[in-house]
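Visitor: What follows is a single structure, and I will ask about it in a moment.
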2 protein chains.
Amino acid sequence: MQDVARLAGVSAMTVSRALRSDASISQATRARILEVIERVGYIPDQTANMLASRRSGFVVALIPALNNSNFADTVRGINDSLAGTGLQMILGATDYSPEREEELIATTLRRRPEGIILAGSKHTARARRLLTHAGLPIVQIWDFPDDPLDQVVGFSNADAARAMVHHLADRGFRRIGFVGSSVPSDTRGFERQRGYCEALVERGLGPPRLVNAAKPPGSIEQGGLALGRLLERWPDLDAVFCVSDLAACGAMMECHRRGMVVPRDIAIAGFGDFEISRCTHPRMSTVAVESYEIGALAGRHLVAALEYDGDPATRPVARIRTPFTVIAREST
Amino acid sequence: MQDVARLAGVSAMTVSRALRSDASISQATRARILEVIERVGYIPDQTANMLASRRSGFVVALIPALNNSNFADTVRGINDSLAGTGLQMILGATDYSPEREEELIATTLRRRPEGIILAGSKHTARARRLLTHAGLPIVQIWDFPDDPLDQVVGFSNADAARAMVHHLADRGFRRIGFVGSSVPSDTRGFERQRGYCEALVERGLGPPRLVNAAKPPGSIEQGGLALGRLLERWPDLDAVFCVSDLAACGAMMECHRRGMVVPRDIAIAGFGDFEISRCTHPRMSTVAVESYEIGALAGRHLVAALEYDGDPATRPVARIRTPFTVIAREST
DNA sequence: CTGTTAGCGCCTTCAC
DNA sequence: GTGAAGGCGCTAACAG
């Protein structure tokens with residue numbers, strides 16, 4: 001910056017001003033400085049900027065997994081909502097582990113992010129302490145906790161799962177099995193399982209019939225294996241609801257393999273409305289959630305919190321319930 | 001850090017040492033300092049660290065899209081390969097646009113990353129200038145350019161597509177259509193199309209029969225529409241090769257809708273070996289590429305380049321060709 | 001509209 | 001094994 005200043009015949013401070021849009025500087029001086037910058041290929045050092053201005057321009061987003069189309073859409077939503085704000089995203093994958101999440105919170109906090117977006121509502125005690133201590137705007141997404149840390153954009157996974165069980169019951173299915181999440185700490189998966197159990201009670205459909213899928217990779221394959229285990233224990237199942245469309249897809253393939261006709265012999269339902277659910281044969285009934293919208297809203301409300309400059313005590317705190325919809329297709 | 005130092009009865013410099021593993025400091029002092037740090041909840045400021053130590057700990061990864069399962073796997077591979085190195089990833093999505101890529105390069109370079117991973121080999125002139133000027137290790141992935149900027153982990157998309165056309169020809173298909181990428185600047189898609197055209201010549205299968213899918217969202221739906229347009233122009237097609245599994249999946253659904261039996265009436269092939277390709281009915285033939293491995297290798301070789309401290313002129317430069325495989329399933 | 005001064009929070013370098 | 005001085009590249013705050 002000193003070099004540029006010298007070449008342009010101004011002080012470093014003026015170069016610094018030329019780089020910002022709001023600063024008071026004459027058109028002529030700015031033009032001359034920008035010309036020098038372009039000519040010598042100067043790239044301002046944002047690290048030094050961060051230190052001096054005490055603004056990192058970072059937002060942290062922590063999601064369970066990168067290779068899940070639902071969360072990938074959410075990340076896209078966050079990314080899009082940050083465009084034009086000068087904010088950049090630091091992305092972390094927790095692998096559904098609260099401990100890994102805590103670790104990521106601790107390390108990313110060193111980057112002095114301005115805000116943080118977290119999937120879910122289950123955090124370790126230290127993670128909660130770190131977050132509240134840091135005093136930055138938080139948005140919890142993909143869940144609707146009773147005791148939110150700050151802002152929330154999500155939905156009740158239990159309610160969403162309940163809705164699907166009611167759909168199955170409405171269509172006349174009575175012996176409904178459930179393929180649960182392969183990851184014990186997948187709280188959203190667990191909530192869906194809870195919703196399934198509650199709905200069974202509500203409709204008087206007897207005790208739960210459930211198994212858990214095995215660990216990825218191969219969520220689809222694992223869904224098929226899980227169906228096998230379900231049928232072994234409860235051969236008279238007439239419907240299976242899976243914690244995700246991927247597992248449901250595997251379950252459906254297993255049906256094809258066994259010569260079972262969906263939904264005549266057994267109905268199959270998934271969760272998430274992945275593109276894949278429109279691509280099975282028959283097409284799969286599922287629960288659609290607003291993956292992209294969750295990210296976009298979370299980003300927008302985080303930015304709003306960052307731009308708010310009134311009394312911190314009266315900062316608006318969004319608690320948004322995003323909708324979910326049972327998509328009834330031919331598989332049920 | 002000053003506060004911690006005062007509480008521990010040492011100088012700030014000693015606290016700084018206690019935070020690093022390699023520094024020379026007595027066990028007792030370090031233990032005392034760490035205890036204070038834990039008690040007061042001190043979080044070191046990595047921004048200041050970056051400025052003083054002149055190491056950002058950042059690696060930039062620029063990929064075309066986040067919601068593409070192939071690239072998501074690559075990102076996962078990069079992420080995993082960075083674990084334990086102290087490096088963090090800044091992720092950018094270029095939306096298949098060289099201009100957007102240039103913009104991202106310019107803005108992320110301000111963060112003073114230590115290395116950069118780029119999908120593809122088509123960059124604007126300014127982007128190339130910025131990169132070479134920055135003088136950092138680069139890894140180009142998902143392509144195998146003739147004029148690499150630095151390191152490469154990828155494969156020839158044209159060759160991979162050629163292999164699939166040869167597979168179709170081997171199976172006796174003669175009138176092979178192609179559904180190209182919806183994005184004009186998708187160079188990998190364009191390379192696949194080139195491979196298709198070359199293979200037609202090699203096998204004497206007449207002039208290309210190709211259409212392009214329309215813009216996402218709805219890559220699957222667009223594949224179906226594209227098949228419709230292909231059949232309108234060339235009603236006697238006996239096989240269709242799609243630039244991605246998503247489009248192929250849509251094409252297959254369109255066949256179901258039209259009462260065409262795959263592969264008896266028409267064969268369908270995709271590209272990418274997405275999970276979805278194992279989930280169609282019949283299962284889809286496709287070209288498998290090592291999405292995760294590409295990311296993992298790119299990350300590993302970037303780290304190697306960063307750790308290398310010999311003569312810059314003799315730094316090892318990896319140029320890795322990752323394999324691709326035609327997966328023959330029932331759809332062809 | 002432009003310049004000067006004094007840091008931002010940490011680490012490098014050197015001294016002991 | 002520990003401390004003091006100085007500076008990383010930039011900007012806030014003030015002065016003019």
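Letters A, B, ... mark the chains of the structure tokens in the order given; residue numbers begin at 1 per chain; ligand numbers begin at 1, in order shown.
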Within 7 Å of chain A, which residues belong to chain B? Use only C-alpha atoms and report them as a PyMOL selection string.
Guide: chain B and resi 43-48+51+66-67+69+72-73+76+90+110-112+249+253+276+279-281
Visitor: For stretch 300-305 of chain B, list every protein, DNA or RNA residue within 9 Å, evaluated using only C-alpha atoms (C1' of nucleotides), and leave out those in the same chain fewer than 5 positions away; present the list as a ChimeraX atom specification.
Guide: /B:59,78,81-82,85,87,115-117,137-139,151,295,315-318
Visitor: Which residues are close to C:DC14, i.e. within 12 Å by only C-alpha atoms (C1' of nucleotides), leaving aside same-chain residues fewer than 5 positions away? Reply as an NGL selection string.
Guide: :D and (3-6)
Visitor: Given only C-alpha atoms (C1' of nucleotides) as the basis, pick out the residue of A:Ser26, A:Thr14, A:Ser53, A:Ser21 nearest to chain D.
Guide: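 Smallest separation from chain D among the options: A:Ser53.
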Visitor: Give me the residues within 10 Å of stretch 2-6 of chain C as a VMD selection string, counting only C-alpha atoms (C1' of nucleotides) and dropping any in the same chain fewer than 2 places off.
Guide: (chain A and resid 10 to 14 24 to 26) or (chain D and resid 12 to 16)
Visitor: Could those residues be written to a file, using C-alpha atoms (C1' of nucleotides), as a PDB file, in the first residue's frame?
Guide:
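Output saved as result25.pdb:
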```pdb
ATOM      1  CA  VAL A  10      -0.394  10.314  -2.089  1.00  0.00           C
ATOM      2  CA  SER A  11      -0.309   8.884   1.424  1.00  0.00           C
ATOM      3  CA  ALA A  12      -1.138   5.292   2.307  1.00  0.00           C
ATOM      4  CA  MET A  13      -4.287   6.495   3.998  1.00  0.00           C
ATOM      5  CA  THR A  14      -5.567   7.906   0.740  1.00  0.00           C
ATOM      6  CA  SER A  24     -14.538  10.854   0.873  1.00  0.00           C
ATOM      7  CA  ILE A  25     -11.986  11.139  -1.864  1.00  0.00           C
ATOM      8  CA  SER A  26     -11.931  13.003  -5.150  1.00  0.00           C
TER       9      SER A  26
ATOM     10  C1'  DA D  12      -9.675   4.690  13.307  1.00  0.00           C
ATOM     11  C1'  DA D  13      -9.548   9.043  14.955  1.00  0.00           C
ATOM     12  C1'  DC D  14      -8.345  13.295  14.637  1.00  0.00           C
ATOM     13  C1'  DA D  15      -6.546  17.549  12.552  1.00  0.00           C
ATOM     14  C1'  DG D  16      -6.396  20.672   8.970  1.00  0.00           C
TER      15       DG D  16
END
```
Visitor: With the cut-off set at 9 Å and counting only C-alpha atoms (C1' of nucleotides), tabulate each residue of chain D with an atom at most that distance from an atom of chain B, showing the nearest atom pair and its distance in Å to one decimal, ordered by chain and increasing number, as a Markdown table.
Guide:
```
| residue | atom | partner | partner_atom | distance |
| --- | --- | --- | --- | --- |
| D:DG1 | C1' | B:Ile25 | CA | 5.6 |
| D:DT2 | C1' | B:Thr14 | CA | 6.9 |
| D:DG3 | C1' | B:Ser11 | CA | 6.7 |
| D:DG7 | C1' | B:Ala52 | CA | 8.2 |
| D:DC8 | C1' | B:Ala52 | CA | 4.7 |
| D:DG9 | C1' | B:Leu51 | CA | 7.8 |
```
Visitor: Output C-alpha atoms (C1' of nucleotides) for every residue in the selection just made, as an mmCIF file, in the first residue's frame.
Guide:
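Dumped everything to again.cif:
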```
data_model
loop_
_atom_site.group_PDB
_atom_site.id
_atom_site.type_symbol
_atom_site.label_atom_id
_atom_site.label_comp_id
_atom_site.auth_asym_id
_atom_site.auth_seq_id
_atom_site.Cartn_x
_atom_site.Cartn_y
_atom_site.Cartn_z
ATOM 1 C "C1'" DG D 1 13.649 -21.185 29.319
ATOM 2 C "C1'" DT D 2 12.133 -16.373 29.399
ATOM 3 C "C1'" DG D 3 11.642 -11.404 28.282
ATOM 4 C "C1'" DG D 7 6.897 -4.662 13.344
ATOM 5 C "C1'" DC D 8 3.341 -7.527 10.257
ATOM 6 C "C1'" DG D 9 -0.182 -4.175 6.641
#
```
Visitor: If you measure from atom CA of B:Ala296 to atom CA of B:Arg162, what distance in Å do you get, rounded to one decimal?
Guide: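 About the pair atom CA of B:Ala296 and atom CA of B:Arg162: they are 26.0 Å apart.
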Visitor: Taking the chain letters and numbering used in this document, name the residues of stretch 7-98 of chain B that DSSP puts in helix (DSSP H, G or I), as a VMD selection string.
Guide: chain B and resid 7 to 8 12 to 19 27 to 40 46 to 53 69 to 82 98
Visitor: Take the residues from that selection and write them out as a JSON list (two decimals), in the first residue's frame, keeping C-alpha atoms.
Guide:
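Dumped to part21.json:
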```json
[["chain", "number", "residue", "atom", "x", "y", "z"],
["B", 7, "LEU", "CA", -2.73, -13.74, 35.56],
["B", 8, "ALA", "CA", -0.09, -16.40, 35.01],
["B", 12, "ALA", "CA", 2.83, -12.29, 26.72],
["B", 13, "MET", "CA", 5.61, -13.90, 24.78],
["B", 14, "THR", "CA", 5.60, -16.88, 27.09],
["B", 15, "VAL", "CA", 1.85, -17.26, 26.67],
["B", 16, "SER", "CA", 2.36, -17.22, 22.93],
["B", 17, "ARG", "CA", 4.91, -20.01, 23.34],
["B", 18, "ALA", "CA", 2.62, -22.04, 25.55],
["B", 19, "LEU", "CA", 0.10, -22.10, 22.72],
["B", 27, "GLN", "CA", 6.19, -28.04, 31.43],
["B", 28, "ALA", "CA", 5.23, -26.28, 34.64],
["B", 29, "THR", "CA", 4.89, -22.84, 33.07],
["B", 30, "ARG", "CA", 2.89, -24.18, 30.16],
["B", 31, "ALA", "CA", 0.52, -26.06, 32.46],
["B", 32, "ARG", "CA", -0.06, -22.97, 34.55],
["B", 33, "ILE", "CA", -0.71, -20.83, 31.49],
["B", 34, "LEU", "CA", -3.09, -23.34, 29.91],
["B", 35, "GLU", "CA", -4.99, -23.51, 33.17],
["B", 36, "VAL", "CA", -5.46, -19.74, 33.15],
["B", 37, "ILE", "CA", -6.49, -19.81, 29.49],
["B", 38, "GLU", "CA", -9.12, -22.44, 30.22],
["B", 39, "ARG", "CA", -10.38, -20.60, 33.26],
["B", 40, "VAL", "CA", -10.86, -17.22, 31.62],
["B", 46, "GLN", "CA", -5.75, -16.06, 14.61],
["B", 47, "THR", "CA", -6.03, -12.89, 12.59],
["B", 48, "ALA", "CA", -3.25, -11.31, 14.59],
["B", 49, "ASN", "CA", -1.35, -14.57, 14.41],
["B", 50, "MET", "CA", -1.69, -14.55, 10.63],
["B", 51, "LEU", "CA", -0.42, -11.01, 10.36],
["B", 52, "ALA", "CA", 2.57, -11.57, 12.60],
["B", 53, "SER", "CA", 3.54, -15.04, 11.44],
["B", 69, "SER", "CA", -22.88, -34.80, -5.67],
["B", 70, "ASN", "CA", -19.64, -35.27, -7.61],
["B", 71, "PHE", "CA", -18.18, -31.96, -6.48],
["B", 72, "ALA", "CA", -19.57, -32.39, -2.99],
["B", 73, "ASP", "CA", -17.58, -35.61, -2.74],
["B", 74, "THR", "CA", -14.50, -33.80, -3.99],
["B", 75, "VAL", "CA", -14.96, -31.12, -1.34],
["B", 76, "ARG", "CA", -15.25, -33.86, 1.25],
["B", 77, "GLY", "CA", -11.99, -35.33, -0.01],
["B", 78, "ILE", "CA", -10.22, -31.99, 0.23],
["B", 79, "ASN", "CA", -11.63, -31.42, 3.69],
["B", 80, "ASP", "CA", -10.49, -34.82, 4.92],
["B", 81, "SER", "CA", -7.01, -34.40, 3.51],
["B", 82, "LEU", "CA", -6.67, -31.08, 5.32],
["B", 98, "PRO", "CA", -14.99, -18.09, -15.64]]
```
Visitor: Tell me which protein, DNA and RNA residues are within 7 Å of stretch 260-272 of chain A, counting only C-alpha atoms (C1' of nucleotides), leaving out same-chain ones fewer than 6 positions away, and put them as a PyMOL selection string.
Guide: chain A and resi 70+238-245+248+252+284-289+331-332
Visitor: Select from chain C every residue with an atom at most 10 Å from any atom of chain B, then for each give the shortest pair of atoms and their distance in Å to one decimal, using only C-alpha atoms (C1' of nucleotides), rows by chain and rising number, as JSON lines.
Guide:
```
{"residue": "C:DC8", "atom": "C1'", "partner": "B:Ala48", "partner_atom": "CA", "distance": 8.0}
{"residue": "C:DG9", "atom": "C1'", "partner": "B:Ala48", "partner_atom": "CA", "distance": 4.9}
{"residue": "C:DC10", "atom": "C1'", "partner": "B:Ala48", "partner_atom": "CA", "distance": 4.8}
{"residue": "C:DC11", "atom": "C1'", "partner": "B:Ala52", "partner_atom": "CA", "distance": 5.0}
{"residue": "C:DT12", "atom": "C1'", "partner": "B:Ser53", "partner_atom": "CA", "distance": 7.8}
```
Visitor: Keeping only N, CA and C atoms (P, O5', C5', C4', C3', O3' and C1' of nucleotides), write the selected residues as a JSON list (two decimals), in the first residue's frame.
Guide:
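File written: part-v8.json
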```
[["chain", "number", "residue", "atom", "x", "y", "z"],
["C", 8, "DC", "P", -4.08, -1.42, 20.74],
["C", 8, "DC", "O5'", -4.83, -2.36, 19.70],
["C", 8, "DC", "C5'", -6.07, -2.00, 19.13],
["C", 8, "DC", "C4'", -6.38, -3.00, 18.03],
["C", 8, "DC", "C3'", -5.92, -4.42, 18.33],
["C", 8, "DC", "O3'", -7.06, -5.18, 18.71],
["C", 8, "DC", "C1'", -5.22, -3.72, 16.10],
["C", 9, "DG", "P", -7.07, -5.88, 20.21],
["C", 9, "DG", "O5'", -6.15, -7.16, 20.02],
["C", 9, "DG", "C5'", -6.54, -8.19, 19.11],
["C", 9, "DG", "C4'", -5.36, -9.11, 18.89],
["C", 9, "DG", "C3'", -4.73, -9.69, 20.16],
["C", 9, "DG", "O3'", -4.61, -11.08, 19.96],
["C", 9, "DG", "C1'", -3.09, -8.72, 18.80],
["C", 10, "DC", "P", -4.01, -12.09, 21.02],
["C", 10, "DC", "O5'", -2.62, -12.47, 20.35],
["C", 10, "DC", "C5'", -2.63, -13.26, 19.17],
["C", 10, "DC", "C4'", -1.43, -12.94, 18.32],
["C", 10, "DC", "C3'", -0.13, -13.62, 18.74],
["C", 10, "DC", "O3'", -0.04, -14.85, 18.02],
["C", 10, "DC", "C1'", 0.19, -11.36, 17.96],
["C", 11, "DC", "P", 1.11, -15.89, 18.32],
["C", 11, "DC", "O5'", 2.34, -15.33, 17.46],
["C", 11, "DC", "C5'", 2.22, -15.26, 16.04],
["C", 11, "DC", "C4'", 3.49, -14.68, 15.47],
["C", 11, "DC", "C3'", 4.75, -15.48, 15.77],
["C", 11, "DC", "O3'", 5.55, -15.45, 14.60],
["C", 11, "DC", "C1'", 5.02, -13.28, 16.57],
["C", 12, "DT", "P", 6.73, -16.52, 14.42],
["C", 12, "DT", "O5'", 7.97, -15.61, 14.07],
["C", 12, "DT", "C5'", 7.85, -14.59, 13.07],
["C", 12, "DT", "C4'", 9.04, -13.66, 13.15],
["C", 12, "DT", "C3'", 10.38, -14.38, 13.36],
["C", 12, "DT", "O3'", 11.34, -13.84, 12.47],
["C", 12, "DT", "C1'", 10.05, -12.74, 15.05]]
```
